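Enquirer: Just passing along the structure, written as structure tokens.
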Amino acid sequence: MTAPVAAALADLARAFPAERLTRDPERLEAYGRDESDLGAYPPDVAVLVESAEEIREVFRIASAHRVPVVPVAARSGKSGGVLAVQRGIAVSLERMNRILEISPEDLVARVEPGVVTGQLQAAVEEHGLFYPPDPNSLELCTIGGNVAENAGGPRALKYGVTREYVLGLTAVVPTGEILKVGHRSIKGVAGYDLTGLLVGSEGTLAIVTEVMVKLLPRPRHVSTALVVFDSVASAARAVSRVLAGGVIPRCLELLDDVSLAAAGKTSPFRFPAGAGAALLVETDGNDEESVFAEIVRVAEIVQGDAAGEVIVAQNEAQRREVWETRRYLSVNLKTLHPMKLSEDVAVPRSKIPAMVERAKAIGARHGLVVATYGHAGDGNLHCNVLFDRAEERPRVDLAVGEILRAAVDLGGTITGEHGVGLAKRDFLEYEQGRELVALQRRLKAVFDPLGILNPGKMFPG
Amino acid sequence: MTARSAAGEAAQRGGAGARAVARKLAAIVGPRNVVVDPAELLVYECDGLTHGRVRPDLVVLPGSTEEVAAVVRVARDASVPLVPRGAGTGLSGGARPVPGCAVLSLSRMRRILELDLENGWARVEPGVINLDVTRAVAGAGFYYAPDPSSQSVCSIGGNVAENSGGAHCLKYGFTTNHVLAARVVLSDGAVVDLGGPAPDAPGYDLLAALVGSEGMLGVVTEVTVRLLRKPETTRTFFATFPSTDEAGAAVSGIIAAGILPAAIEMMDRLAIVAAKAATGLDWPDVGAALLMDADGPRAEVEHVSARAIEIARAAGALEIRVPRDEAERQLMWKGRKSAFAAVGRISPSYLVEDGVIPRSEIARVLRDIGRLAEEAGLRVANVFHAGDGNLHPLVLYDARVPGEEERAARLGGEILRLCIRYGGSITGEHGVGAEKAAYMAEQFGPDDLDTMQRVRCAFDGAALMNPGKVFPTPRLCGEKPGPYRPHPAEVAGLAERW
Ligand SMILES: Cc1cc2nc3c(=O)[nH]c(=O)nc-3n(C[C@H](O)[C@H](O)[C@H](O)COP(=O)(O)OP(=O)(O)OC[C@H]3O[C@@H](n4cnc5c(N)ncnc54)[C@H](O)[C@@H]3O)c2cc1C
Ligand SMILES: Cc1cc2nc3c(=O)[nH]c(=O)nc-3n(C[C@H](O)[C@H](O)[C@H](O)COP(=O)(O)OP(=O)(O)OC[C@H]3O[C@@H](n4cnc5c(N)ncnc54)[C@H](O)[C@@H]3O)c2cc1C
């Protein structure tokens with residue numbers, strides 16, 4: 001242990017009760033790992049904070065000794081955001097998990113950052129309300145993590161990503177200021193939009209301690225359908241036709257052939273042999289008939305491109321079955337090959353077939369299978385490079401790099417929703433250019449002049 | 001900041017004023033596109049907020065991103081402040097010049113560069129008029145959603161800088177929700193592209209910071225906006241109420257029933273009187289009225305408007321009018337949209353305020369405003385976007401009566417304070433500009449304001465872009481805050497700020 005760390009630990013021990021400091025190596029190992037498959041980077045200590053003032057205190061100590069601070073939530077992140085690459089102090093938000101207020105009148109909820117997304121959704125639904133962002137990890141990820149990553153999800157097509165639902169924030173910056181930005185009203189344009197700037201900043205500008213989210217009335221009816229195609233190209237054509245037809249489904253999820261082969265292992269649906277792709281479509285609204293009419297309209301629109309029948313879920317149980325086909329995909333892929341590295345890119349909608357093709361070809365060149373699925377309506381695709389043994393990893397990393405560059409070359413981006421973190425920091429400049437990255441570094445420097453907050457993330461070196 | 005301190009700031013930088021670089025600018029944009037003639041400069045002395053005029057040294061009208069970048073570099077080298085300007089319809093003095101500045105007008109850059117209907121976007125130059133975007137795509141069944149009442153004259157660049165709203169924000173959001181990407185010239189002349197095709201571009205969301213930054217973070221030279229499909233149908237109704245209490249309750253009831261109207265606008269008695277005087281509409285003399293649009297698929301819309309009408313009745317509506325045809329619908333909206341200007345018919349002068357409150361407080365705040373107005377001995381007309389709680393109190397006064405203008409300004413200020421007290425904001429869509437900088441410190445704490453200043457410094461270290469706007473006590477970058485408040489770590493000698 002270095003001297004500054006030892007000194008910081010001594011200060012922390014004076015400032016916090018012992019039960020809120022973790023030094024147990026096993027637990028620290030867990031704090032230093034997420035869903036990025038980048039390995040474990042444990043911190044020196046984890047502090048279980050309970051308030052903005054306590055975080056301010058951690059920053060004070062960390063500044064004094066120049067020790068890094070890393071915010072940690074549910075660790076479901078896929079870009080290595082929580083990994084303590086330079087060790088230091090993990091600030092865990094797990095204890096700040098209260099829903100402070102749900103206001104049906106103003107259509108807002110005020111929550112602490114550690115609230116699990118799915119729990120907030122369930123709580124607001126009891127009031128007939130709706131918090132739309134639905135990352136597939138919603139049963140474990142937190143609102144704070146969602147804000148930090150600007151998380152998306154299947155429904156983003158109709159309802160947008162986390163940013164559209166964050167009205168205000170309380171956050172602590174490394175120099176000790178406690179920001180209260182945004183407003184309770186849905187409108188308000190006074191000053192720069194610091195709320196917007198902090199959303200998606202991946203825990204590198206400030207630690208969020210309270211979030212005011214916008215809610216919607218809950219749509220009373222949902223209709224779900226599954227459609228099979230003989231190729232990704234015809235599925236993508238169908239996506240464009242649906243959106244051009246004026247229907248905005250709340251989801252349009254695409255699965256390619258490899259994904260279907262994996263999904264078929266547990267799915268109750270029999271996919272025809274040689275099925276090349278499938279779309280999962282969902283419409284919602286308040287009038288049952290019109291919601292059903294919309295899904296029928298979708299079915300009509302896609303019929304020409306589809307291979308076989310459109311399956312419309314007739315009840316809630318069938319709806320759940322359709323969704324399980326999608327939700328368990330990540331797990332099912334591992335039945336094909338035990339290991340995978342999943343990449344998250346987005347391309348213009350019209351480039352979806354090209355992206356899926358290129359990802360496959362890149363995989364093939366490296367002797368690897370790639371499965372692609374994702375939020376087709378937004379062009380947000382997850383390309384999963386499958387492999388069998390850890391020794392293959394260098395090849396896999398090469399393939400992943402090529403996939404990221406292919407996305408940029410198609411006019412897209414290296415991350416649709418999972419963030420840059422540690423995983424993609426070396427690709428940011430390829431997409432955005434030197435000047436834009438320099439501007440972001442300047443911004444980072446004015447928020448965090450000592451460079452103590454989540455160092456090593458987002459920007460190379 | 002006052003115009004004088006802005007000039008002081010410029011002088012401190014050692015700038016000689018824009019006149020000194022006129023020739024260099026002419027070499028970039030051509031002599032015809034540099035305006036120095038005092039008579040021609042007259043129209044650039046203010047924006048839609050016509051008091052507090054300041055004459056710029058000159059106006060430069062570049063025709064491309066490259067020309068903007070070259071102009072910005074010349075200005076930077078000579079420490080000349082730049083004030084970007086779109087159509088000049090802003091209502092908070094955002095495009096008001098500062099002494100010695102060059103106004104950078106984007107009005108020559110008005111081409112629609114690219115339409116991609118398949119992916120639902122348009123790429124336009126900043127000088128394009130808002131409504132022209134919709135006009136260009138309406139034939140194909142698309143439209144651009146943000147619709148400030150000034151949409152037939154204001155520019156997309158101005159909309160981005162102000163994060164402009166309109167009547168349909170409750171359902172469709174603001175400019176920030178419809179801008180996918182922007183090309184921006186930074187204060188050092190660098191050209192960057194912010195945002196991108198994905199809903200969440202990697203890195204910091206600089207586009208979010210840019211939208212609504214009132215021309216202080218860079219000059220926008222290209223904007224990619226989202227295009228939406230025109231909804232299948234729109235249903236409108238007009239409902240009258242004895243007072244704003246019942247109308248406010250109807251709004252809350254409609255939202256609480258899970259209805260998301262495309263627009264829901266409220267007018268109080270005085271606004272109705274004014275609108276009638278201006279348009280000759282046969283609206284009754286009542287205490288309040290609501291105008292609501294529902295849009296979407298036909299079946300859904302019918303269901304929703306029937307439900308909303310029921311709720312309005314239950315809340316105490318006196319009369320419900322459903323337009324028989326599109327012409328009558330347009331007429332109702334004309335009544336609403338002309339209400340601002342119409343107030344001119346019943347008062348020699350008036351101030352337009354713009355504040356936000358949580359929707360649930362509408363009835364209470366309107367009563368408070370009525371009380372404040374009575375105390376000030378003035379009349380206030382209210383016509384506003386009720387769905388999102390964005391008030392537009394119009395403070396009526398007569399400038400010929402000594403002291404009345406000052407009283408009106410004071411009342412306007414009291415109304416803003418009321419908005420802050422109820423957890424809202426001092427501006428819902430018109431921006432802070434020069435007009436409301438003094439109120440920023442009432443809505444935000446020093447930590448918030450400091451952080452905003454730091455963001456500005458990261459973009460524009462020399463503070464040459466639209467100086468003197470938004471911040472109550474602007475500082476040069478690196479300068480310590482007003483009454484300096486050290487961080488505890490600094491007191492302990494353990495950390496420094498910059
Ligand atoms: C099976 C699976 C499915 C997924 N599906 C989706 C999906 O559909 N869409 C999607 O967008 N993502 C998805 N993800 C990724 C992940 O769940 C999201 O990025 C999520 O937002 C992370 O939340 P978390 O609470 O786990 O944060 P963590 O992983 O703990 O942290 C993520 C980042 O946020 C920072 N952070 C956390 N809390 C705070 C705070 N309070 N203040 C400041 N910074 C903070 C951390 O430092 C870190 O950089 C999925 C992940 C898995 C494992
Ligand atoms: C009758 C009337 C009704 C109105 N109704 C509404 C309404 O319903 N909703 C609403 O939101 N507003 C409304 N407004 C206000 C005004 O129209 C908007 O603020 C509009 O966005 C200003 O656009 P503009 O092109 O006129 O910009 P300007 O007034 O020229 O400039 C506004 C600000 O933007 C900056 N700016 C302009 N162009 C650029 C650029 N390319 N790059 C960087 N900065 C730039 C300027 O420096 C200034 O700070 C109304 C105004 C009037 C007169």
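How things are named: the first chain in the structure tokens is A, the next is B, and so on; residues count from 1 in each chain; ligands count from 1 in the order shown.
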Output as a Markdown table one row per residue of chain B within 6 Å of ligand 2: the closest atom pair and its distance in Å to one decimal place, counting only C-alpha atoms and all ligand atoms, sorted by chain and residue number ascending.
Expert:
```
| residue | atom | partner | partner_atom_place_in_ligand_line | distance |
| --- | --- | --- | --- | --- |
| B:Asp47 | CA | ligand 2 | 29 (O) | 5.5 |
| B:Gly48 | CA | ligand 2 | 53 (C) | 5.3 |
| B:Val83 | CA | ligand 2 | 47 (O) | 5.4 |
| B:Pro84 | CA | ligand 2 | 47 (O) | 4.0 |
| B:Arg85 | CA | ligand 2 | 30 (O) | 3.9 |
| B:Gly86 | CA | ligand 2 | 30 (O) | 3.4 |
| B:Ala87 | CA | ligand 2 | 26 (O) | 3.7 |
| B:Gly88 | CA | ligand 2 | 30 (O) | 3.3 |
| B:Thr89 | CA | ligand 2 | 26 (O) | 3.4 |
| B:Gly90 | CA | ligand 2 | 29 (O) | 3.3 |
| B:Leu91 | CA | ligand 2 | 15 (C) | 5.2 |
| B:Gly94 | CA | ligand 2 | 49 (O) | 3.4 |
| B:Ala95 | CA | ligand 2 | 48 (C) | 4.1 |
| B:Leu106 | CA | ligand 2 | 41 (N) | 5.8 |
| B:Pro126 | CA | ligand 2 | 41 (N) | 5.0 |
| B:Pro148 | CA | ligand 2 | 8 (O) | 3.5 |
| B:Ser149 | CA | ligand 2 | 8 (O) | 3.9 |
| B:Ser150 | CA | ligand 2 | 3 (C) | 4.2 |
| B:Cys154 | CA | ligand 2 | 25 (O) | 4.1 |
| B:Ser155 | CA | ligand 2 | 25 (O) | 3.6 |
| B:Gly157 | CA | ligand 2 | 41 (N) | 4.0 |
| B:Gly158 | CA | ligand 2 | 27 (O) | 3.5 |
| B:Asn159 | CA | ligand 2 | 21 (O) | 3.4 |
| B:Ala161 | CA | ligand 2 | 34 (O) | 4.4 |
| B:Glu162 | CA | ligand 2 | 19 (O) | 5.3 |
| B:Ser164 | CA | ligand 2 | 11 (O) | 3.4 |
| B:Gly165 | CA | ligand 2 | 11 (O) | 4.0 |
| B:Gly166 | CA | ligand 2 | 8 (O) | 4.2 |
| B:Glu214 | CA | ligand 2 | 49 (O) | 4.0 |
| B:Gly215 | CA | ligand 2 | 44 (N) | 3.3 |
| B:Gly218 | CA | ligand 2 | 43 (C) | 5.8 |
| B:Val219 | CA | ligand 2 | 42 (N) | 3.8 |
| B:Val220 | CA | ligand 2 | 42 (N) | 3.8 |
| B:Thr221 | CA | ligand 2 | 41 (N) | 5.7 |
| B:Glu429 | CA | ligand 2 | 11 (O) | 4.1 |
| B:His430 | CA | ligand 2 | 19 (O) | 5.0 |
```
Enquirer: Store the residues of this selection in a file with N, CA, C and O atoms, as a short mmCIF file (atom, residue, chain, number, x, y, z; two decimals), in the first residue's frame.
Expert:
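And here's result-v2.cif as it stands now:
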```cif
data_model
loop_
_atom_site.label_atom_id
_atom_site.label_comp_id
_atom_site.auth_asym_id
_atom_site.auth_seq_id
_atom_site.Cartn_x
_atom_site.Cartn_y
_atom_site.Cartn_z
N ASP B 47 -32.77 42.72 -29.97
CA ASP B 47 -33.54 41.62 -30.55
C ASP B 47 -35.01 41.90 -30.29
O ASP B 47 -35.42 43.07 -30.32
N GLY B 48 -35.80 40.87 -30.00
CA GLY B 48 -37.23 41.08 -29.76
C GLY B 48 -37.51 41.85 -28.47
O GLY B 48 -38.64 42.27 -28.22
N VAL B 83 -21.13 38.35 -30.99
CA VAL B 83 -22.49 38.07 -30.57
C VAL B 83 -23.23 37.39 -31.72
O VAL B 83 -23.55 38.03 -32.72
N PRO B 84 -23.45 36.07 -31.60
CA PRO B 84 -24.17 35.38 -32.67
C PRO B 84 -25.62 35.87 -32.73
O PRO B 84 -26.20 36.27 -31.72
N ARG B 85 -26.17 35.86 -33.94
CA ARG B 85 -27.54 36.32 -34.10
C ARG B 85 -28.23 35.51 -35.19
O ARG B 85 -27.66 35.27 -36.25
N GLY B 86 -29.43 35.07 -34.88
CA GLY B 86 -30.23 34.38 -35.89
C GLY B 86 -31.19 35.37 -36.50
O GLY B 86 -30.79 36.30 -37.19
N ALA B 87 -32.47 35.21 -36.19
CA ALA B 87 -33.48 36.10 -36.77
C ALA B 87 -33.77 37.29 -35.86
O ALA B 87 -34.58 38.16 -36.20
N GLY B 88 -33.15 37.31 -34.68
CA GLY B 88 -33.36 38.45 -33.79
C GLY B 88 -34.74 38.52 -33.17
O GLY B 88 -35.20 39.59 -32.78
N THR B 89 -35.40 37.37 -33.00
CA THR B 89 -36.74 37.39 -32.37
C THR B 89 -36.67 37.05 -30.89
O THR B 89 -37.69 36.96 -30.23
N GLY B 90 -35.48 36.81 -30.37
CA GLY B 90 -35.32 36.44 -28.97
C GLY B 90 -35.98 37.46 -28.05
O GLY B 90 -36.04 38.64 -28.36
N LEU B 91 -36.47 36.99 -26.91
CA LEU B 91 -37.22 37.88 -26.02
C LEU B 91 -36.47 38.16 -24.72
O LEU B 91 -37.05 38.70 -23.79
N GLY B 94 -30.82 38.08 -25.74
CA GLY B 94 -29.69 37.19 -25.98
C GLY B 94 -28.79 37.66 -27.11
O GLY B 94 -27.59 37.49 -27.07
N ALA B 95 -29.38 38.26 -28.14
CA ALA B 95 -28.60 38.72 -29.29
C ALA B 95 -28.28 40.21 -29.20
O ALA B 95 -27.84 40.82 -30.16
N LEU B 106 -26.16 34.82 -38.76
CA LEU B 106 -26.19 33.57 -39.52
C LEU B 106 -27.26 33.60 -40.61
O LEU B 106 -27.59 32.57 -41.19
N PRO B 126 -28.02 27.03 -39.93
CA PRO B 126 -28.68 27.61 -38.75
C PRO B 126 -29.67 28.73 -39.08
O PRO B 126 -30.57 28.99 -38.30
N PRO B 148 -42.33 27.07 -31.68
CA PRO B 148 -42.53 28.34 -30.99
C PRO B 148 -43.52 29.19 -31.78
O PRO B 148 -43.60 29.06 -33.00
N SER B 149 -44.24 30.03 -31.07
CA SER B 149 -45.24 30.86 -31.75
C SER B 149 -44.59 31.72 -32.83
O SER B 149 -45.25 32.16 -33.76
N SER B 150 -43.30 31.95 -32.71
CA SER B 150 -42.58 32.74 -33.69
C SER B 150 -42.05 31.89 -34.85
O SER B 150 -41.17 32.32 -35.58
N CYS B 154 -38.51 32.79 -36.71
CA CYS B 154 -37.27 32.53 -35.97
C CYS B 154 -36.44 31.44 -36.65
O CYS B 154 -36.95 30.65 -37.43
N SER B 155 -35.15 31.41 -36.34
CA SER B 155 -34.24 30.49 -37.02
C SER B 155 -33.96 29.25 -36.18
O SER B 155 -34.06 29.26 -34.95
N GLY B 157 -31.06 27.94 -35.70
CA GLY B 157 -29.90 28.22 -34.85
C GLY B 157 -30.30 28.92 -33.57
O GLY B 157 -29.83 28.59 -32.48
N GLY B 158 -31.19 29.89 -33.68
CA GLY B 158 -31.71 30.59 -32.51
C GLY B 158 -32.48 29.63 -31.60
O GLY B 158 -32.35 29.66 -30.38
N ASN B 159 -33.25 28.74 -32.21
CA ASN B 159 -34.00 27.74 -31.43
C ASN B 159 -33.06 26.85 -30.64
O ASN B 159 -33.32 26.53 -29.48
N ALA B 161 -29.99 27.59 -29.69
CA ALA B 161 -29.34 28.39 -28.66
C ALA B 161 -30.26 28.65 -27.47
O ALA B 161 -29.82 28.76 -26.34
N GLU B 162 -31.56 28.77 -27.74
CA GLU B 162 -32.51 29.06 -26.66
C GLU B 162 -33.21 27.81 -26.14
O GLU B 162 -34.00 27.89 -25.21
N SER B 164 -35.71 26.33 -27.58
CA SER B 164 -37.07 26.86 -27.67
C SER B 164 -38.12 25.78 -27.56
O SER B 164 -37.90 24.63 -27.89
N GLY B 165 -39.26 26.22 -27.09
CA GLY B 165 -40.39 25.32 -26.90
C GLY B 165 -41.51 25.67 -27.85
O GLY B 165 -41.29 25.96 -29.01
N GLY B 166 -42.70 25.66 -27.31
CA GLY B 166 -43.88 25.92 -28.11
C GLY B 166 -45.07 25.33 -27.42
O GLY B 166 -45.02 25.02 -26.22
N GLU B 214 -27.38 29.69 -25.28
CA GLU B 214 -27.57 31.10 -25.61
C GLU B 214 -26.36 31.72 -26.31
O GLU B 214 -25.98 32.86 -26.02
N GLY B 215 -25.78 30.96 -27.21
CA GLY B 215 -24.70 31.52 -28.04
C GLY B 215 -23.38 31.71 -27.32
O GLY B 215 -22.48 32.37 -27.84
N GLY B 218 -20.42 28.43 -28.42
CA GLY B 218 -19.92 28.26 -29.78
C GLY B 218 -20.96 28.71 -30.78
O GLY B 218 -22.10 28.99 -30.40
N VAL B 219 -20.54 28.79 -32.04
CA VAL B 219 -21.47 29.20 -33.09
C VAL B 219 -21.96 27.95 -33.82
O VAL B 219 -21.16 27.17 -34.33
N VAL B 220 -23.24 27.77 -33.84
CA VAL B 220 -23.83 26.60 -34.49
C VAL B 220 -23.90 26.88 -35.99
O VAL B 220 -24.47 27.89 -36.40
N THR B 221 -23.31 26.00 -36.79
CA THR B 221 -23.32 26.25 -38.24
C THR B 221 -24.08 25.19 -39.03
O THR B 221 -24.25 25.33 -40.23
N GLU B 429 -38.78 29.10 -21.71
CA GLU B 429 -38.38 28.96 -23.11
C GLU B 429 -37.72 30.20 -23.70
O GLU B 429 -37.11 30.11 -24.75
N HIS B 430 -37.82 31.34 -23.06
CA HIS B 430 -37.26 32.53 -23.69
C HIS B 430 -35.79 32.77 -23.34
O HIS B 430 -35.14 33.63 -23.92
#
```
Enquirer: Please identify which residues in segment 203-345 of chain A DSSP calls helix (DSSP H, G or I) from the backbone, and express them as a PyMOL selection string.
Expert: chain A and resi 232-244+257-263+288-303+316-327+329-336
Enquirer: Which residues are near Asp268 of chain B? Cut-off 10 Å, only C-alpha atoms, ignore same chain within fewer than 5 positions. Put them as a list in words.
Expert: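 The neighbour list is Thr240, Phe241, Pro242, Ser243, Thr244, Ala247, Val273, Val286, Gly287, Ala288, Ala289, Leu290, Leu366, Val380, Ala381, Asn382, Val383 and Phe384 of chain B.
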Enquirer: Go ahead and save the residues from that selection, with N, CA and C atoms, as a tab-separated table (two decimals), in the first residue's frame.
Expert:
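Ended up saving to result.tsv:
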```
chain	number	residue	atom	x	y	z
B	240	THR	N	-64.78	26.49	-21.71
B	240	THR	CA	-64.77	27.70	-20.89
B	240	THR	C	-65.08	27.35	-19.44
B	241	PHE	N	-64.57	28.19	-18.52
B	241	PHE	CA	-64.73	27.94	-17.08
B	241	PHE	C	-65.03	29.24	-16.35
B	242	PRO	N	-65.65	29.14	-15.16
B	242	PRO	CA	-65.91	30.35	-14.40
B	242	PRO	C	-64.61	31.06	-13.99
B	243	SER	N	-63.57	30.28	-13.66
B	243	SER	CA	-62.31	30.91	-13.24
B	243	SER	C	-61.14	29.98	-13.54
B	244	THR	N	-59.93	30.49	-13.31
B	244	THR	CA	-58.75	29.67	-13.57
B	244	THR	C	-58.64	28.51	-12.56
B	247	ALA	N	-60.36	25.69	-14.34
B	247	ALA	CA	-59.57	25.33	-15.53
B	247	ALA	C	-58.30	24.57	-15.10
B	273	VAL	N	-60.47	38.49	-23.41
B	273	VAL	CA	-60.97	39.79	-23.86
B	273	VAL	C	-60.07	40.33	-24.97
B	286	VAL	N	-65.72	34.93	-20.09
B	286	VAL	CA	-65.65	33.97	-18.97
B	286	VAL	C	-64.34	34.15	-18.24
B	287	GLY	N	-64.23	33.47	-17.11
B	287	GLY	CA	-63.05	33.63	-16.27
B	287	GLY	C	-61.83	32.93	-16.80
B	288	ALA	N	-62.02	31.87	-17.59
B	288	ALA	CA	-60.87	31.13	-18.12
B	288	ALA	C	-61.31	30.23	-19.26
B	289	ALA	N	-60.36	29.86	-20.11
B	289	ALA	CA	-60.66	28.93	-21.19
B	289	ALA	C	-59.47	28.02	-21.41
B	290	LEU	N	-59.77	26.83	-21.89
B	290	LEU	CA	-58.72	25.88	-22.26
B	290	LEU	C	-58.89	25.53	-23.73
B	366	LEU	N	-51.62	31.29	-10.02
B	366	LEU	CA	-52.40	32.34	-10.71
B	366	LEU	C	-53.10	33.24	-9.69
B	380	VAL	N	-52.68	41.95	-15.04
B	380	VAL	CA	-51.85	40.90	-15.65
B	380	VAL	C	-52.76	39.96	-16.44
B	381	ALA	N	-52.44	39.75	-17.68
B	381	ALA	CA	-53.17	38.77	-18.50
B	381	ALA	C	-52.34	37.50	-18.58
B	382	ASN	N	-53.02	36.36	-18.50
B	382	ASN	CA	-52.29	35.09	-18.55
B	382	ASN	C	-52.75	34.26	-19.73
B	383	VAL	N	-51.81	33.89	-20.56
B	383	VAL	CA	-52.10	32.99	-21.68
B	383	VAL	C	-50.88	32.10	-21.78
B	384	PHE	N	-51.06	30.80	-21.62
B	384	PHE	CA	-49.86	29.98	-21.46
B	384	PHE	C	-50.08	28.49	-21.73
```
Enquirer: My list of candidates is A:Arg405, A:His418, A:Arg270, A:Arg95. Which is closest to chain B when distances are computed with only C-alpha atoms?
Expert: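 Answer, going by the shortest atom-to-atom distance: A:His418.
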Enquirer: Report, in Å with one decimal, the straight-line distance from atom CA of Val239 of chain A to atom CA of Ile301 of chain A.
Expert: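 Computing the Euclidean distance for atom CA of Val239 of chain A and atom CA of Ile301 of chain A yields 9.4 Å.
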